[in-house]
$ cat query-v2.txt   # compact mmCIF, C-alpha atoms
# COMPACT_ATOMS: atom_id res chain seq x y z
CA MET U 1 83.58 101.00 124.30
CA LYS U 2 79.95 102.05 124.05
CA TYR U 3 78.46 100.22 121.11
CA GLU U 4 76.76 102.23 118.39
CA ILE U 5 75.72 101.65 114.77
CA ILE U 6 76.33 103.53 111.52
CA CYS U 7 74.20 102.35 108.61
CA ILE U 8 74.88 103.50 105.07
CA GLU U 9 72.41 102.27 102.49
CA THR U 10 72.14 102.63 98.75
CA GLU U 11 69.36 104.61 97.14
CA TRP U 12 67.28 101.67 95.87
CA GLN U 13 64.80 103.75 93.86
CA ILE U 14 67.15 104.98 91.12
CA THR U 15 68.55 101.61 90.12
CA LYS U 16 67.70 99.66 86.97
CA ARG U 17 64.01 98.85 86.76
CA LYS U 18 64.52 95.12 87.46
CA ASN U 19 66.43 95.91 90.68
CA ARG U 20 64.23 98.72 92.00
CA SER U 21 63.01 98.11 95.47
CA PRO U 22 61.14 99.95 98.19
CA LEU U 23 63.74 98.66 100.67
CA ASN U 24 64.66 100.84 103.58
CA THR U 25 67.00 99.48 106.22
CA GLU U 26 66.38 102.30 108.68
CA PRO U 27 63.40 100.60 110.43
CA LEU U 28 65.58 97.51 110.94
CA VAL U 29 68.42 99.60 112.40
CA LYS U 30 65.94 101.55 114.54
CA TYR U 31 64.57 98.27 115.91
CA ILE U 32 68.11 97.09 116.80
CA SER U 33 68.84 100.48 118.36
CA GLU U 34 65.75 100.34 120.57
CA MET U 35 66.16 96.63 121.40
CA TYR U 36 69.75 97.04 122.60
CA ASP U 37 69.54 100.67 123.72
CA VAL U 38 72.31 101.87 121.40
CA PRO U 39 72.38 105.00 119.24
CA TYR U 40 72.52 104.80 115.47
CA ILE U 41 73.15 107.03 112.48
CA TYR U 42 71.49 106.23 109.15
CA ARG U 43 72.31 107.71 105.73
CA ARG U 44 71.37 106.93 102.12
CA VAL U 45 73.82 107.36 99.26
CA ALA U 46 73.59 107.01 95.49
CA THR U 47 77.04 108.13 94.35
CA ARG U 48 80.67 107.59 95.20
CA THR U 49 80.94 111.28 96.15
CA GLU U 50 78.13 110.94 98.69
CA LEU U 51 79.66 107.75 100.11
CA GLU U 52 83.10 109.38 100.38
CA TYR U 53 81.57 112.36 102.19
CA TYR U 54 79.89 110.19 104.82
CA LEU U 55 82.87 107.88 105.28
CA LYS U 56 85.09 110.92 105.95
CA PHE U 57 82.47 112.40 108.27
CA PHE U 58 82.07 109.16 110.22
CA LYS U 59 85.83 108.78 110.81
CA ARG U 60 85.36 111.16 113.74
CA LYS U 61 82.50 109.17 115.25
CA LYS U 62 83.11 106.36 117.72
CA HIS U 63 80.47 103.96 116.41
CA SER U 64 81.52 100.32 116.52
CA VAL U 65 79.29 98.67 113.88
CA LEU U 66 79.42 99.85 110.28
CA TYR U 67 76.44 98.32 108.47
CA LEU U 68 76.57 98.70 104.68
CA SER U 69 73.40 97.85 102.72
CA PHE U 70 73.92 97.78 98.93
CA HIS U 71 73.55 95.62 95.86
CA GLY U 72 76.74 93.66 95.49
CA LYS U 73 78.95 91.60 93.24
CA LYS U 74 82.14 89.67 93.74
CA HIS U 75 84.38 91.78 96.02
CA ALA U 76 82.35 94.95 95.30
CA ILE U 77 79.31 97.01 96.18
CA ILE U 78 77.11 98.82 93.69
CA LEU U 79 76.29 102.49 94.10
CA GLU U 80 73.00 103.01 92.34
CA GLY U 81 73.91 106.40 90.89
CA GLU U 82 77.13 105.12 89.31
CA LYS U 83 77.83 103.06 86.20
CA GLN U 84 80.60 100.97 87.78
CA GLU U 85 80.78 99.06 91.02
CA LEU U 86 83.08 100.06 93.86
CA THR U 87 85.57 97.31 94.68
CA LEU U 88 86.64 96.44 98.22
CA GLU U 89 90.09 97.78 97.37
CA GLU U 90 88.65 101.12 96.24
CA LEU U 91 86.39 101.21 99.30
CA SER U 92 89.38 100.71 101.59
CA GLU U 93 91.17 103.59 99.84
CA ILE U 94 88.30 106.07 100.10
CA GLY U 95 87.28 104.94 103.59
CA GLY U 96 90.69 105.15 105.18
CA ASP U 97 90.45 104.99 108.97
CA VAL U 98 86.64 104.84 109.11
CA PHE U 99 86.84 101.02 109.32
CA ARG U 100 89.57 100.89 112.00
CA GLY U 101 88.50 98.87 115.04
CA ARG U 102 84.94 98.45 113.79
CA TYR U 103 82.74 95.52 112.90
CA VAL U 104 82.00 95.97 109.18
CA HIS U 105 79.02 94.09 107.78
CA PHE U 106 78.16 94.04 104.07
CA SER U 107 74.46 93.36 103.76
CA SER U 108 74.72 92.81 100.02
CA CYS U 109 74.58 89.93 97.58
CA ARG U 110 77.86 88.17 96.71
CA THR U 111 80.24 90.88 98.00
CA LEU U 112 82.29 88.30 99.93
CA ILE U 113 82.28 85.57 97.27
CA GLY U 114 85.62 84.52 95.84
CA SER U 115 89.13 84.60 97.20
CA GLU U 116 89.43 84.84 100.95
CA SER U 117 92.74 86.68 100.47
CA VAL U 118 90.88 89.69 98.98
CA ILE U 119 88.69 89.92 102.08
CA GLU U 120 91.69 89.43 104.39
CA ARG U 121 93.54 92.20 102.53
CA PHE U 122 90.54 94.55 102.95
CA LYS U 123 90.45 93.76 106.69
CA LYS U 124 94.21 94.23 107.06
CA GLN U 125 94.32 97.49 105.06
CA THR U 126 91.34 98.99 106.88
CA LYS U 127 92.22 97.57 110.32
CA ALA U 128 88.60 96.50 110.80
CA LYS U 129 87.93 94.31 113.82
CA MET U 130 85.79 91.97 111.71
CA VAL U 131 84.44 91.91 108.16
CA SER U 132 81.30 89.94 107.38
CA GLY U 133 78.82 89.55 104.56
CA TYR U 134 77.31 87.18 102.04
CA THR U 135 78.67 85.04 99.22
CA LYS U 136 75.30 84.30 97.58
CA SER U 137 72.38 86.23 96.13
CA VAL U 138 70.20 86.81 99.16
CA ASP U 139 66.53 87.30 99.82
CA SER U 140 66.08 90.65 101.60
CA ASN U 141 63.79 89.14 104.27
CA ASP U 142 66.23 86.35 105.11
CA SER U 143 69.22 88.68 105.19
CA ALA U 144 67.28 91.14 107.41
CA ILE U 145 66.59 88.37 109.94
CA HIS U 146 70.25 87.39 109.91
CA ASP U 147 71.43 91.01 110.11
CA ILE U 148 69.27 91.63 113.20
CA ALA U 149 70.66 88.51 114.88
CA LEU U 150 74.27 89.27 113.91
CA ILE U 151 74.23 92.88 115.03
CA GLY U 152 72.49 91.84 118.25
CA GLU U 153 75.30 89.38 118.91
CA LEU U 154 77.93 92.01 118.05
CA LEU U 155 76.34 94.35 120.58
CA THR U 156 76.12 91.78 123.41
CA LYS U 157 79.06 89.39 123.06
CA LYS U 158 82.61 90.40 123.85
CA GLN U 159 84.62 87.66 122.13
CA LEU U 160 84.33 87.05 118.39
CA PRO U 161 84.72 83.24 118.59
CA THR U 162 81.89 83.12 121.16
CA LEU U 163 79.75 85.39 119.01
CA LEU U 164 80.31 83.36 115.84
CA ASP U 165 79.74 80.04 117.65
CA SER U 166 76.46 81.39 119.03
CA MET U 167 75.39 82.52 115.56
CA LYS U 168 76.31 79.15 114.02
CA LYS U 169 74.35 77.21 116.66
CA ARG U 170 71.25 79.37 116.39
CA TYR U 171 71.26 80.38 112.72
CA GLY U 172 73.54 77.87 110.97
CA GLY U 173 70.95 76.89 108.36
CA LEU U 174 70.25 80.52 107.50
CA GLU U 175 73.97 81.32 107.36
CA GLU U 176 74.49 78.46 104.91
CA GLN U 177 71.55 79.59 102.78
CA LEU U 178 72.94 83.15 102.61
CA GLY U 179 76.57 82.11 102.22
CA PHE U 180 77.53 84.07 105.36
CA ARG U 181 81.27 84.65 105.69
CA THR U 182 83.48 86.38 108.22
CA CYS U 183 87.07 87.47 108.47
CA TYR U 184 88.45 88.42 111.91
$ encode --input "query-v2.txt" --output "structure tokens"
Amino acid sequence: MKYEIICIETEWQITKRKNRSPLNTEPLVKYISEMYDVPYIYRRVATRTELEYYLKFFKRKKHSVLYLSFHGKKHAIILEGEKQELTLEELSEIGGDVFRGRYVHFSSCRTLIGSESVIERFKKQTKAKMVSGYTKSVDSNDSAIHDIALIGELLTKKQLPTLLDSMKKRYGGLEEQLGFRTCY
């Protein structure tokens, strides 16, 4: 399979004043794309309707890494234009087959904190190849460094145990600081 990246990011500018940020993940994804010579698609969303639209649209694409950059809470992501978070269960329902066979990375605070069975259920329902993300509140600079390294490994290593061992050896301290977690 030719590796490619889809990045969907929240609209950081419309969030509550204390959470507003000039963040933009596209330069990071563009760097990864150029470094590893892989195409990418980048979209910003603020509402569930926008997210649903892009998830349905991307079902037809063959991209292998789905990179989701949002605020997060326990087993959920936060869409900045909505009053309530979107749980992993709801995300699996609206996403359907978009996750099938893909590496899914949640670049969001605390989305993978809590029961491992919830994450395993999301992976099983969506048929994702791997689900990864963070269990702690993360600094955006530290998570960006880790995200670049992780996606680079996903694009160059063929076996998940080899990939995760490599990440642990090279970035173990950072992974611990971020509360990095995987399910594969």
$ residues_near_point --input "query-v2.txt" --point "(87.8, 107.7, 104.0)" --cutoff "9 Å" --atoms "all atoms listed in the file" --output "list in words"
Glu52, Tyr53, Tyr54, Leu55, Lys56, Phe57, Phe58, Lys59, Leu91, Ser92, Glu93, Ile94, Gly95, Gly96, Asp97, Val98 and Phe99 of chain U
$ atom_distance --input "query-v2.txt" --atom1 "CA of Phe180 (chain U)" --atom2 "CA of Ala46 (chain U)"
25.3 Å
$ residues_around --input "query-v2.txt" --residues "region 79-86 of chain U" --least-positions-apart "3" --cutoff "7 Å" --atoms "all atoms listed in the file" --output "list of chain:residue names"
U:Thr10, U:Glu11, U:Trp12, U:Ile14, U:Thr15, U:Ala46, U:Thr47, U:Arg48, U:Ala76, U:Glu90, U:Leu91
$ closest_residue --input "query-v2.txt" --among "U:His71, U:Arg102, U:Lys136, U:Arg170" --to "Lys123 (chain U)" --atoms "only C-alpha atoms"
U:Arg102
$ closest_residue --input "query-v2.txt" --among "U:Tyr171, U:Tyr31, U:Tyr67, U:Phe106" --to "Thr135 (chain U)" --atoms "only C-alpha atoms"
U:Phe106
$ atom_distance --input "query-v2.txt" --atom1 "CA of Asp37 (chain U)" --atom2 "CA of Thr156 (chain U)"
11.1 Å
$ atom_distance --input "query-v2.txt" --atom1 "CA of Leu160 (chain U)" --atom2 "CA of Lys129 (chain U)"
9.3 Å
$ axis_aligned_box --input "query-v2.txt" --around "region 36-46 of chain U" --padding-each-side "8 Å" --output "lines of an AutoDock Vina configuration file"
center_x = 71.7
center_y = 102.4
center_z = 109.6
size_x = 20.3
size_y = 26.7
size_z = 44.2
$ closest_residue --input "query-v2.txt" --among "U:Leu28, U:Ile119, U:Leu51, U:Val104" --to "His146 (chain U)" --atoms "only C-alpha atoms"
U:Leu28
$ closest_residue --input "query-v2.txt" --among "U:Thr25, U:Lys30, U:Glu120, U:Met130" --to "Ser143 (chain U)" --atoms "all atoms listed in the file"
U:Thr25
$ closest_residue --input "query-v2.txt" --among "U:Val45, U:Val29, U:Cys183, U:Ile77" --to "Ala128 (chain U)" --atoms "only C-alpha atoms"
U:Cys183
$ closest_residue --input "query-v2.txt" --among "U:Ser115, U:Arg100, U:Leu88, U:Glu9" --to "Ser69 (chain U)" --atoms "only C-alpha atoms"
U:Glu9
$ closest_atom_pairs --input "query-v2.txt" --of "region 28-110 of chain U" --to "region 5-8 of chain U" --cutoff "6 Å" --atoms "all atoms listed in the file" --output "JSON lines"
{"residue": "U:Tyr40", "atom": "CA", "partner": "U:Ile5", "partner_atom": "CA", "distance": 4.5}
{"residue": "U:Ile41", "atom": "CA", "partner": "U:Ile6", "partner_atom": "CA", "distance": 4.8}
{"residue": "U:Tyr42", "atom": "CA", "partner": "U:Cys7", "partner_atom": "CA", "distance": 4.8}
{"residue": "U:Arg43", "atom": "CA", "partner": "U:Ile8", "partner_atom": "CA", "distance": 5.0}
{"residue": "U:Arg44", "atom": "CA", "partner": "U:Ile8", "partner_atom": "CA", "distance": 5.7}
{"residue": "U:His63", "atom": "CA", "partner": "U:Ile5", "partner_atom": "CA", "distance": 5.5}
{"residue": "U:Val65", "atom": "CA", "partner": "U:Ile5", "partner_atom": "CA", "distance": 4.7}
{"residue": "U:Leu66", "atom": "CA", "partner": "U:Ile6", "partner_atom": "CA", "distance": 5.0}
{"residue": "U:Tyr67", "atom": "CA", "partner": "U:Cys7", "partner_atom": "CA", "distance": 4.6}
{"residue": "U:Leu68", "atom": "CA", "partner": "U:Ile8", "partner_atom": "CA", "distance": 5.1}
